[in-house]
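> Below is the structure I would like to discuss, written out as structure tokens.
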Amino acid sequence: MVIAVILVTYFIDHVLDKKWLTEYFIRKGIVPKAEREVYEYGFAITIYTIASTLGLLLLGLLLGQFLGGAVLIAIFYTCQSSGGGYHASTHLRCFPTMCAGLLAGLGFSLLPCPLWALCALAVLAVAVL
């Protein structure tokens, strides 16, 4: 599992090249040369978000909890967009942290706990946010 996380992170950082993509759009006349850095940043964020989301969904699928994983990912992204949260300094730190959060969330859902208690916990979490 750890090796898969490292491989996905390496793939995101080194194989999916934002500079090549930006250069392609500059050659086609779609992106002005003066805005190269802005587009490189935008492509990097977009590529990372798509690849990491697919990696997290794959993790949920491998654990037999695809739907639960998808719901947790949606909650993570919503909370991070609206409330901030932990921001790792590199993709190499971010993706494993997201995997750990997903594993913790999916593991928590396996605890023998009544549905009302899980709902109460969810309401409390939203209230804190």
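A note on labels: chains of the structure tokens are A, B, ... as shown, every chain counts residues from 1, and ligands are counted from 1 in their shown order.
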Set the distance at 7 Å and use only C-alpha atoms: which residues neighbour region 101-107 of chain A once local chain neighbours fewer than 4 positions away are removed? I'd like the list as an MDAnalysis selection string.
chainID A and resid 68:69 72 97
> Next, the residues of the selection above should be written as a JSON list (two decimals), in the first residue's frame with C-alpha atoms.

```
[["chain", "number", "residue", "atom", "x", "y", "z"],
["A", 68, "GLY", "CA", -17.81, 5.31, 1.30],
["A", 69, "GLY", "CA", -14.49, 6.48, -0.10],
["A", 72, "LEU", "CA", -15.37, 10.90, 2.31],
["A", 97, "THR", "CA", -1.72, 12.45, 4.28]]
```
> With distances taken over only C-alpha atoms, which of A:Trp116, A:Phe95, A:Phe43, A:Phe25 is nearest to Leu59 (chain A)?
A:Phe95
> What is the distance, in Å and to one decimal place, between CA of Phe66 (chain A) and CA of Gly42 (chain A)?
28.4 Å
> Residues of chain A in helix (DSSP H, G or I) according to DSSP, as number ranges by chain?
A: 2-15, 18-27, 33-62, 66-83, 91-108, 115-128
> What does the file look like for those residues with C-alpha atoms, as an mmCIF file, in the first residue's frame?

```cif
data_model
loop_
_atom_site.group_PDB
_atom_site.id
_atom_site.type_symbol
_atom_site.label_atom_id
_atom_site.label_comp_id
_atom_site.auth_asym_id
_atom_site.auth_seq_id
_atom_site.Cartn_x
_atom_site.Cartn_y
_atom_site.Cartn_z
ATOM 1 C CA VAL A 2 2.795 2.418 0.936
ATOM 2 C CA ILE A 3 4.647 1.635 -2.286
ATOM 3 C CA ALA A 4 1.492 2.357 -4.315
ATOM 4 C CA VAL A 5 1.136 5.750 -2.619
ATOM 5 C CA ILE A 6 4.763 6.606 -3.387
ATOM 6 C CA LEU A 7 4.390 5.489 -7.017
ATOM 7 C CA VAL A 8 1.242 7.580 -7.545
ATOM 8 C CA THR A 9 2.948 10.604 -5.989
ATOM 9 C CA TYR A 10 6.021 10.132 -8.193
ATOM 10 C CA PHE A 11 3.787 9.797 -11.257
ATOM 11 C CA ILE A 12 1.979 13.027 -10.395
ATOM 12 C CA ASP A 13 5.194 14.976 -9.768
ATOM 13 C CA HIS A 14 7.367 13.690 -12.603
ATOM 14 C CA VAL A 15 5.355 12.093 -15.400
ATOM 15 C CA LYS A 18 2.766 20.835 -16.589
ATOM 16 C CA LYS A 19 5.528 22.562 -18.553
ATOM 17 C CA TRP A 20 4.986 20.374 -21.602
ATOM 18 C CA LEU A 21 1.244 21.043 -21.482
ATOM 19 C CA THR A 22 1.762 24.800 -21.151
ATOM 20 C CA GLU A 23 4.289 24.806 -23.994
ATOM 21 C CA TYR A 24 1.811 22.925 -26.193
ATOM 22 C CA PHE A 25 -0.890 25.564 -25.616
ATOM 23 C CA ILE A 26 1.614 28.399 -26.202
ATOM 24 C CA ARG A 27 2.645 26.855 -29.555
ATOM 25 C CA LYS A 33 3.884 33.463 -23.444
ATOM 26 C CA ALA A 34 3.715 36.196 -20.808
ATOM 27 C CA GLU A 35 1.286 34.122 -18.741
ATOM 28 C CA ARG A 36 3.333 30.901 -18.794
ATOM 29 C CA GLU A 37 3.820 30.706 -15.016
ATOM 30 C CA VAL A 38 0.140 31.248 -14.278
ATOM 31 C CA TYR A 39 -0.877 28.450 -16.645
ATOM 32 C CA GLU A 40 1.834 26.110 -15.381
ATOM 33 C CA TYR A 41 0.523 26.582 -11.846
ATOM 34 C CA GLY A 42 -3.080 26.063 -12.973
ATOM 35 C CA PHE A 43 -2.209 22.928 -14.934
ATOM 36 C CA ALA A 44 -0.174 21.572 -12.012
ATOM 37 C CA ILE A 45 -3.073 22.007 -9.592
ATOM 38 C CA THR A 46 -5.587 20.533 -12.033
ATOM 39 C CA ILE A 47 -3.404 17.526 -12.874
ATOM 40 C CA TYR A 48 -2.629 16.880 -9.213
ATOM 41 C CA THR A 49 -6.279 17.143 -8.164
ATOM 42 C CA ILE A 50 -7.466 14.738 -10.857
ATOM 43 C CA ALA A 51 -4.660 12.221 -10.284
ATOM 44 C CA SER A 52 -4.914 12.279 -6.487
ATOM 45 C CA THR A 53 -8.707 11.957 -6.597
ATOM 46 C CA LEU A 54 -8.408 8.947 -8.891
ATOM 47 C CA GLY A 55 -5.774 7.481 -6.565
ATOM 48 C CA LEU A 56 -8.032 7.931 -3.531
ATOM 49 C CA LEU A 57 -11.009 6.431 -5.376
ATOM 50 C CA LEU A 58 -8.829 3.476 -6.351
ATOM 51 C CA LEU A 59 -7.839 3.039 -2.708
ATOM 52 C CA GLY A 60 -11.517 2.957 -1.707
ATOM 53 C CA LEU A 61 -12.220 0.448 -4.484
ATOM 54 C CA LEU A 62 -9.335 -1.802 -3.416
ATOM 55 C CA PHE A 66 -15.782 2.656 -3.125
ATOM 56 C CA LEU A 67 -18.988 4.517 -2.226
ATOM 57 C CA GLY A 68 -17.813 5.308 1.302
ATOM 58 C CA GLY A 69 -14.490 6.482 -0.097
ATOM 59 C CA ALA A 70 -16.204 8.712 -2.659
ATOM 60 C CA VAL A 71 -18.381 10.272 0.052
ATOM 61 C CA LEU A 72 -15.372 10.905 2.309
ATOM 62 C CA ILE A 73 -13.405 12.450 -0.563
ATOM 63 C CA ALA A 74 -16.318 14.781 -1.329
ATOM 64 C CA ILE A 75 -16.488 15.759 2.346
ATOM 65 C CA PHE A 76 -12.706 16.308 2.530
ATOM 66 C CA TYR A 77 -12.698 18.511 -0.557
ATOM 67 C CA THR A 78 -15.725 20.503 0.578
ATOM 68 C CA CYS A 79 -14.290 21.110 4.043
ATOM 69 C CA GLN A 80 -10.866 22.026 2.686
ATOM 70 C CA SER A 81 -12.356 24.442 0.138
ATOM 71 C CA SER A 82 -14.604 26.203 2.625
ATOM 72 C CA GLY A 83 -12.746 25.864 5.895
ATOM 73 C CA HIS A 91 2.654 16.546 -3.199
ATOM 74 C CA LEU A 92 4.878 13.865 -1.691
ATOM 75 C CA ARG A 93 3.506 14.848 1.736
ATOM 76 C CA CYS A 94 -0.032 15.713 0.655
ATOM 77 C CA PHE A 95 -1.116 12.500 -1.047
ATOM 78 C CA PRO A 96 -0.005 10.145 1.766
ATOM 79 C CA THR A 97 -1.725 12.446 4.275
ATOM 80 C CA MET A 98 -4.953 12.273 2.264
ATOM 81 C CA CYS A 99 -4.604 8.486 2.058
ATOM 82 C CA ALA A 100 -4.176 8.286 5.826
ATOM 83 C CA GLY A 101 -7.279 10.422 6.345
ATOM 84 C CA LEU A 102 -9.278 8.261 3.965
ATOM 85 C CA LEU A 103 -8.088 5.073 5.638
ATOM 86 C CA ALA A 104 -8.962 6.493 9.058
ATOM 87 C CA GLY A 105 -12.419 7.533 7.881
ATOM 88 C CA LEU A 106 -13.123 4.206 6.235
ATOM 89 C CA GLY A 107 -11.760 2.352 9.260
ATOM 90 C CA PHE A 108 -13.936 4.411 11.596
ATOM 91 C CA LEU A 115 -26.272 4.666 13.145
ATOM 92 C CA TRP A 116 -27.652 7.409 15.423
ATOM 93 C CA ALA A 117 -24.217 7.824 17.017
ATOM 94 C CA LEU A 118 -22.534 8.213 13.625
ATOM 95 C CA CYS A 119 -25.187 10.758 12.596
ATOM 96 C CA ALA A 120 -24.677 12.681 15.843
ATOM 97 C CA LEU A 121 -20.924 12.694 15.230
ATOM 98 C CA ALA A 122 -21.474 13.986 11.688
ATOM 99 C CA VAL A 123 -23.715 16.803 12.947
ATOM 100 C CA LEU A 124 -21.142 17.711 15.609
ATOM 101 C CA ALA A 125 -18.390 17.807 12.975
ATOM 102 C CA VAL A 126 -20.452 20.136 10.758
ATOM 103 C CA ALA A 127 -21.239 22.360 13.750
ATOM 104 C CA VAL A 128 -17.540 22.663 14.564
#
```
